[in-house]
$ cat my_file.pdb   # PDB, C-alpha atoms
MODEL        1
ATOM      1  CA  MET A   1     -32.284  10.713 -21.312
ATOM      2  CA  LYS A   2     -29.880  11.584 -18.577
ATOM      3  CA  TYR A   3     -29.670   7.922 -17.568
ATOM      4  CA  LYS A   4     -29.251   6.825 -21.188
ATOM      5  CA  ILE A   5     -26.194   9.058 -21.658
ATOM      6  CA  LEU A   6     -24.694   7.917 -18.354
ATOM      7  CA  ALA A   7     -25.219   4.257 -19.306
ATOM      8  CA  THR A   8     -23.607   4.827 -22.715
ATOM      9  CA  ILE A   9     -20.592   6.577 -21.155
ATOM     10  CA  SER A  10     -20.081   3.863 -18.545
ATOM     11  CA  THR A  11     -20.415   1.107 -21.173
ATOM     12  CA  THR A  12     -17.908   2.867 -23.434
ATOM     13  CA  ALA A  13     -15.479   3.338 -20.541
ATOM     14  CA  LEU A  14     -15.831  -0.325 -19.575
ATOM     15  CA  LEU A  15     -15.109  -1.483 -23.138
ATOM     16  CA  PHE A  16     -12.075   0.828 -23.284
ATOM     17  CA  ILE A  17     -10.720  -0.601 -20.022
ATOM     18  CA  LEU A  18     -11.239  -4.163 -21.249
ATOM     19  CA  LEU A  19      -9.466  -3.456 -24.538
ATOM     20  CA  VAL A  20      -6.524  -1.764 -22.839
ATOM     21  CA  SER A  21      -6.163  -4.580 -20.290
ATOM     22  CA  TYR A  22      -6.395  -7.221 -23.065
ATOM     23  CA  ASP A  23      -3.681  -5.493 -25.078
ATOM     24  CA  SER A  24      -1.403  -5.107 -22.040
ATOM     25  CA  VAL A  25      -1.381  -8.862 -21.305
ATOM     26  CA  PRO A  26       1.579 -10.314 -23.226
ATOM     27  CA  GLN A  27       0.659 -13.089 -25.584
ATOM     28  CA  GLN A  28       2.915 -16.159 -25.655
ATOM     29  CA  SER A  29       4.133 -17.480 -28.934
ATOM     30  CA  PRO A  30       3.835 -21.222 -29.674
ATOM     31  CA  SER A  31       7.587 -21.673 -29.149
ATOM     32  CA  GLN A  32       7.341 -20.065 -25.702
ATOM     33  CA  ILE A  33       4.480 -22.381 -24.782
ATOM     34  CA  VAL A  34       6.468 -25.444 -25.932
ATOM     35  CA  ARG A  35       9.533 -24.227 -24.011
ATOM     36  CA  GLN A  36       7.459 -23.803 -20.843
ATOM     37  CA  GLN A  37       5.969 -27.296 -21.243
ATOM     38  CA  ARG A  38       9.470 -28.802 -21.683
ATOM     39  CA  ARG A  39      10.689 -26.932 -18.616
ATOM     40  CA  THR A  40       7.790 -28.328 -16.594
ATOM     41  CA  LEU A  41       8.456 -31.875 -17.838
ATOM     42  CA  ARG A  42      12.161 -31.591 -16.950
ATOM     43  CA  ALA A  43      11.299 -30.360 -13.456
ATOM     44  CA  GLU A  44       8.912 -33.295 -12.949
ATOM     45  CA  ALA A  45      11.539 -35.770 -14.227
ATOM     46  CA  ARG A  46      14.138 -34.236 -11.904
ATOM     47  CA  GLN A  47      11.800 -34.617  -8.909
ATOM     48  CA  GLU A  48      11.085 -38.250  -9.831
ATOM     49  CA  ARG A  49      14.813 -38.988 -10.213
ATOM     50  CA  TYR A  50      15.481 -37.376  -6.826
ATOM     51  CA  ALA A  51      12.729 -39.492  -5.243
ATOM     52  CA  GLN A  52      14.136 -42.713  -6.798
ATOM     53  CA  GLU A  53      17.682 -41.955  -5.613
ATOM     54  CA  THR A  54      16.390 -41.119  -2.152
ATOM     55  CA  ARG A  55      14.480 -44.421  -1.946
ATOM     56  CA  TYR A  56      17.590 -46.309  -3.133
ATOM     57  CA  ILE A  57      19.904 -44.729  -0.534
ATOM     58  CA  ASP A  58      17.279 -45.229   2.186
ATOM     59  CA  SER A  59      16.939 -48.923   1.338
ATOM     60  CA  LEU A  60      20.733 -49.417   1.399
ATOM     61  CA  ILE A  61      21.110 -47.757   4.782
ATOM     62  CA  GLN A  62      18.193 -49.636   6.338
ATOM     63  CA  SER A  63      19.442 -52.982   4.999
ATOM     64  CA  ARG A  64      22.835 -52.402   6.678
ATOM     65  CA  ASN A  65      24.577 -53.450   3.446
ATOM     66  CA  TRP A  66      26.570 -50.527   2.083
ATOM     67  CA  GLN A  67      30.107 -49.373   1.329
ATOM     68  CA  PHE A  68      31.916 -46.099   2.005
ATOM     69  CA  THR A  69      34.694 -45.223  -0.467
ATOM     70  CA  PRO A  70      36.660 -42.051   0.425
ATOM     71  CA  THR A  71      38.008 -39.789  -2.295
ATOM     72  CA  SER A  72      40.170 -37.480  -0.179
ATOM     73  CA  ILE A  73      41.982 -37.264   3.152
ATOM     74  CA  SER A  74      43.077 -34.257   5.203
ATOM     75  CA  GLN A  75      45.726 -33.820   7.842
ATOM     76  CA  PHE A  76      45.081 -32.118  11.183
ATOM     77  CA  THR A  77      46.870 -28.958  10.090
ATOM     78  CA  GLY A  78      47.469 -29.603   6.413
ATOM     79  CA  PRO A  79      45.706 -29.509   3.083
ATOM     80  CA  THR A  80      43.249 -32.025   1.704
ATOM     81  CA  GLN A  81      44.716 -34.635  -0.634
ATOM     82  CA  SER A  82      43.024 -36.853  -3.197
ATOM     83  CA  ILE A  83      43.151 -40.627  -2.687
ATOM     84  CA  PHE A  84      44.069 -42.818  -5.652
ATOM     85  CA  ARG A  85      43.735 -46.266  -4.064
ATOM     86  CA  ASN A  86      40.717 -48.371  -3.273
ATOM     87  CA  TYR A  87      40.147 -47.613   0.403
ATOM     88  CA  TYR A  88      36.791 -48.560   1.890
ATOM     89  CA  ILE A  89      34.557 -49.453   4.791
ATOM     90  CA  ASP A  90      32.215 -52.349   3.982
ATOM     91  CA  VAL A  91      29.147 -52.773   6.169
ATOM     92  CA  TRP A  92      27.403 -56.148   5.838
ATOM     93  CA  ASP A  93      24.762 -56.816   8.505
ATOM     94  CA  ASN A  94      26.840 -57.609  11.606
ATOM     95  CA  TYR A  95      30.266 -57.601   9.908
ATOM     96  CA  ILE A  96      32.373 -54.560   8.990
ATOM     97  CA  ARG A  97      35.640 -54.466   7.016
ATOM     98  CA  VAL A  98      37.865 -51.403   7.466
ATOM     99  CA  TYR A  99      40.656 -50.475   5.060
ATOM    100  CA  LEU A 100      41.315 -46.740   5.447
ATOM    101  CA  PRO A 101      44.301 -44.419   5.453
ATOM    102  CA  TYR A 102      44.885 -42.073   8.374
ATOM    103  CA  TYR A 103      47.545 -39.698   9.606
ATOM    104  CA  LYS A 104      49.324 -40.678  12.787
ATOM    105  CA  GLY A 105      51.201 -38.291  15.064
ATOM    106  CA  TYR A 106      50.646 -34.643  15.895
ATOM    107  CA  ILE A 107      53.922 -32.888  15.053
ATOM    108  CA  ASN A 108      55.490 -35.266  12.531
ATOM    109  CA  GLN A 109      52.466 -36.769  10.852
ATOM    110  CA  TYR A 110      52.814 -39.828   8.668
ATOM    111  CA  LEU A 111      50.288 -41.824   6.686
ATOM    112  CA  THR A 112      49.418 -45.330   7.849
ATOM    113  CA  ILE A 113      46.590 -47.772   7.140
ATOM    114  CA  LEU A 114      43.727 -49.012   9.297
ATOM    115  CA  ASN A 115      43.122 -52.577   8.164
ATOM    116  CA  PHE A 116      40.934 -54.750  10.374
ATOM    117  CA  ASP A 117      37.558 -56.448  10.588
ATOM    118  CA  ILE A 118      34.821 -55.779  13.124
ATOM    119  CA  LEU A 119      32.868 -58.975  13.727
ATOM    120  CA  SER A 120      30.167 -57.387  15.873
ATOM    121  CA  PRO A 121      30.073 -53.583  15.979
ATOM    122  CA  HIS A 122      29.186 -51.832  19.227
ATOM    123  CA  ASP A 123      26.457 -49.190  19.450
ATOM    124  CA  TYR A 124      25.435 -49.370  15.774
ATOM    125  CA  THR A 125      22.794 -46.648  15.428
ATOM    126  CA  ILE A 126      20.970 -45.357  12.382
ATOM    127  CA  GLU A 127      19.134 -42.069  12.703
ATOM    128  CA  LYS A 128      17.076 -40.378   9.981
ATOM    129  CA  ILE A 129      17.896 -36.662   9.844
ATOM    130  CA  GLN A 130      16.431 -33.835   7.775
ATOM    131  CA  ASP A 131      18.495 -34.359   4.629
ATOM    132  CA  GLY A 132      19.792 -37.905   4.999
ATOM    133  CA  TRP A 133      21.098 -40.303   7.639
ATOM    134  CA  HIS A 134      23.380 -40.199  10.681
ATOM    135  CA  ILE A 135      25.136 -43.526  11.354
ATOM    136  CA  THR A 136      27.514 -44.326  14.210
ATOM    137  CA  PHE A 137      29.231 -47.513  15.336
ATOM    138  CA  SER A 138      32.323 -48.567  17.262
ATOM    139  CA  GLY A 139      34.736 -51.424  16.805
ATOM    140  CA  THR A 140      37.956 -52.790  18.182
ATOM    141  CA  ASP A 141      40.952 -53.789  16.074
ATOM    142  CA  PHE A 142      43.236 -56.774  16.722
ATOM    143  CA  THR A 143      45.502 -54.719  19.057
ATOM    144  CA  GLY A 144      42.646 -53.627  21.316
ATOM    145  CA  ASN A 145      42.255 -50.059  20.045
ATOM    146  CA  THR A 146      38.639 -48.936  19.851
ATOM    147  CA  TYR A 147      37.525 -46.745  16.962
ATOM    148  CA  THR A 148      34.247 -44.873  16.610
ATOM    149  CA  PHE A 149      32.970 -44.206  13.097
ATOM    150  CA  VAL A 150      30.456 -41.450  12.357
ATOM    151  CA  PHE A 151      28.809 -41.048   8.950
ATOM    152  CA  ASP A 152      26.458 -38.287   7.814
ATOM    153  CA  ILE A 153      25.006 -39.485   4.533
ATOM    154  CA  SER A 154      23.097 -36.979   2.449
ATOM    155  CA  THR A 155      20.247 -38.091   0.301
ATOM    156  CA  PRO A 156      20.160 -38.597  -2.704
ATOM    157  CA  SER A 157      23.857 -38.171  -3.422
ATOM    158  CA  GLY A 158      24.890 -40.744  -0.854
TER     159      GLY A 158
ENDMDL
END
$ encode --input "my_file.pdb" --output "structure tokens"
Amino acid sequence: MKYKILATISTTALLFILLVSYDSVPQQSPSQIVRQQRRTLRAEARQERYAQETRYIDSLIQSRNWQFTPTSISQFTGPTQSIFRNYYIDVWDNYIRVYLPYYKGYINQYLTILNFDILSPHDYTIEKIQDGWHITFSGTDFTGNTYTFVFDISTPSG
């Protein structure tokens, strides 16, 4: 009899614990379940889009056929300004076209244009870094000045 009472008490206590724990777990409504499924689908679509953009940028960089178009320029000691013209650097295999603005002078700075072609760039290196690419190359303009260009391209934004 003693064991029967103890078994009944332990069974009752176990059922009480199960009922309390079942009631304390919040139940999701159908709209919450649908919202969670949509959120998961959007996250998967975002990851796929990121992967596609990353593959696209990677293929452009590795093909050595890409274009850099600046949107702003800054002076050594001045503010950043937006650019409203079509400046660029075109990279096509072993040929590079440069048409960029730059500030000349240290005290009295004035805006001038770099406009020349590099028929065979020197030290063209492409290095894959953690979040994109690091590209460097050098070239000489028609007056004999040598310029070194350094690009850090983030993936997938380019």
$ atom_distance --input "my_file.pdb" --atom1 "atom CA of A:Thr146" --atom2 "atom CA of A:Asp90"
17.5 Å
$ atom_distance --input "my_file.pdb" --atom1 "atom CA of A:Ser72" --atom2 "atom CA of A:Phe137"
21.5 Å
$ closest_residue --input "my_file.pdb" --among "A:Trp133, A:Glu44, A:Val98, A:Tyr103" --to "A:Thr148" --atoms "all atoms listed in the file"
A:Val98
$ atom_distance --input "my_file.pdb" --atom1 "atom CA of A:Phe151" --atom2 "atom CA of A:Gln75"
18.4 Å
$ resolve_selection --input "my_file.pdb" --expression "the PyMOL selection byres ((chain A and resi 142) around 12)" --output "PyMOL selection string"
chain A and resi 98+114-119+139-141+143-147
$ closest_residue --input "my_file.pdb" --among "A:Asn94, A:Thr80, A:Ser31, A:Gln47" --to "A:Arg64" --atoms "all atoms listed in the file"
A:Asn94
$ closest_residue --input "my_file.pdb" --among "A:Phe149, A:Arg97, A:Thr71, A:Ile33" --to "A:Asp123" --atoms "only C-alpha atoms"
A:Phe149
$ resolve_selection --input "my_file.pdb" --expression "the PyMOL selection byres ((chain A and resi 135) around 7)" --output "PDB file with C-alpha atoms, in the coordinates of the input"
ATOM      1  CA  THR A 125      22.794 -46.648  15.428  1.00  0.00           C
ATOM      2  CA  ILE A 126      20.970 -45.357  12.382  1.00  0.00           C
ATOM      3  CA  GLU A 127      19.134 -42.069  12.703  1.00  0.00           C
ATOM      4  CA  TRP A 133      21.098 -40.303   7.639  1.00  0.00           C
ATOM      5  CA  HIS A 134      23.380 -40.199  10.681  1.00  0.00           C
ATOM      6  CA  THR A 136      27.514 -44.326  14.210  1.00  0.00           C
ATOM      7  CA  PHE A 137      29.231 -47.513  15.336  1.00  0.00           C
ATOM      8  CA  VAL A 150      30.456 -41.450  12.357  1.00  0.00           C
ATOM      9  CA  PHE A 151      28.809 -41.048   8.950  1.00  0.00           C
ATOM     10  CA  ASP A 152      26.458 -38.287   7.814  1.00  0.00           C
TER      11      ASP A 152
END
$ closest_residue --input "my_file.pdb" --among "A:Tyr124, A:Tyr102, A:Tyr56, A:Trp92" --to "A:Ile73" --atoms "all atoms listed in the file"
A:Tyr102
$ axis_aligned_box --input "my_file.pdb" --around "stretch 99-105 of chain A" --padding-each-side "6 Å" --output "JSON"
{"center_x": 45.9, "center_y": -44.4, "center_z": 10.1, "size_x": 22.5, "size_y": 24.2, "size_z": 22.0}
$ residues_around --input "my_file.pdb" --residues "A:Asp58" --least-positions-apart "3" --cutoff "10 Å" --atoms "only C-alpha atoms" --output "list in words"
Gln52, Glu53, Thr54, Arg55, Ile61, Gln62, Ser63, Lys128, Gly132, Trp133, Ile153, Thr155, Pro156 and Gly158 of chain A
$ decode --input "my_file.pdb" --residues "stretch 102-128 of chain A" --atoms "N, CA and C atoms" --output "short mmCIF file (atom, residue, chain, number, x, y, z; two decimals), in the first residue's frame"
data_model
loop_
_atom_site.label_atom_id
_atom_site.label_comp_id
_atom_site.auth_asym_id
_atom_site.auth_seq_id
_atom_site.Cartn_x
_atom_site.Cartn_y
_atom_site.Cartn_z
N TYR A 102 42.25 64.90 -60.86
CA TYR A 102 43.06 64.90 -59.64
C TYR A 102 43.48 66.32 -59.32
N TYR A 103 43.77 66.52 -58.03
CA TYR A 103 44.20 67.84 -57.57
C TYR A 103 45.71 67.91 -57.63
N LYS A 104 46.20 69.01 -58.20
CA LYS A 104 47.62 69.21 -58.35
C LYS A 104 48.04 70.37 -57.45
N GLY A 105 49.22 70.28 -56.88
CA GLY A 105 49.73 71.32 -55.99
C GLY A 105 49.42 71.01 -54.54
N TYR A 106 50.21 71.59 -53.65
CA TYR A 106 50.02 71.34 -52.22
C TYR A 106 49.38 72.54 -51.52
N ILE A 107 49.80 73.75 -51.83
CA ILE A 107 49.25 74.92 -51.16
C ILE A 107 48.07 75.45 -51.95
N ASN A 108 48.28 75.77 -53.20
CA ASN A 108 47.21 76.22 -54.09
C ASN A 108 46.83 75.05 -55.00
N GLN A 109 45.87 74.28 -54.55
CA GLN A 109 45.48 73.10 -55.32
C GLN A 109 44.51 73.49 -56.43
N TYR A 110 44.68 72.85 -57.58
CA TYR A 110 43.75 73.06 -58.68
C TYR A 110 43.47 71.72 -59.34
N LEU A 111 42.29 71.62 -59.90
CA LEU A 111 41.84 70.36 -60.50
C LEU A 111 42.35 70.26 -61.93
N THR A 112 42.92 69.12 -62.26
CA THR A 112 43.37 68.83 -63.62
C THR A 112 42.94 67.41 -63.97
N ILE A 113 43.21 66.98 -65.17
CA ILE A 113 42.74 65.68 -65.65
C ILE A 113 43.92 64.79 -66.04
N LEU A 114 43.87 63.55 -65.59
CA LEU A 114 44.78 62.51 -66.10
C LEU A 114 44.08 61.89 -67.29
N ASN A 115 44.69 61.93 -68.44
CA ASN A 115 44.07 61.38 -69.64
C ASN A 115 45.16 60.74 -70.49
N PHE A 116 45.33 59.44 -70.33
CA PHE A 116 46.34 58.72 -71.10
C PHE A 116 45.99 57.24 -71.15
N ASP A 117 46.67 56.54 -72.03
CA ASP A 117 46.48 55.09 -72.18
C ASP A 117 47.74 54.37 -71.73
N ILE A 118 47.54 53.21 -71.12
CA ILE A 118 48.65 52.35 -70.73
C ILE A 118 48.57 51.12 -71.61
N LEU A 119 49.54 50.96 -72.50
CA LEU A 119 49.50 49.85 -73.45
C LEU A 119 49.88 48.52 -72.79
N SER A 120 50.82 48.54 -71.89
CA SER A 120 51.17 47.32 -71.15
C SER A 120 51.49 47.71 -69.72
N PRO A 121 50.56 47.47 -68.80
CA PRO A 121 50.76 47.87 -67.41
C PRO A 121 51.90 47.08 -66.75
N HIS A 122 52.58 47.73 -65.83
CA HIS A 122 53.66 47.09 -65.09
C HIS A 122 53.12 46.55 -63.78
N ASP A 123 53.60 45.41 -63.36
CA ASP A 123 53.30 44.84 -62.04
C ASP A 123 51.79 44.72 -61.79
N TYR A 124 51.04 44.24 -62.76
CA TYR A 124 49.60 44.05 -62.58
C TYR A 124 49.41 42.83 -61.69
N THR A 125 48.89 43.05 -60.48
CA THR A 125 48.67 41.94 -59.55
C THR A 125 47.22 41.95 -59.08
N ILE A 126 46.68 40.76 -58.96
CA ILE A 126 45.33 40.57 -58.44
C ILE A 126 45.47 39.64 -57.23
N GLU A 127 44.96 40.10 -56.10
CA GLU A 127 45.05 39.30 -54.88
C GLU A 127 43.67 39.19 -54.24
N LYS A 128 43.25 37.98 -53.97
CA LYS A 128 41.96 37.74 -53.30
C LYS A 128 42.17 38.00 -51.81
#
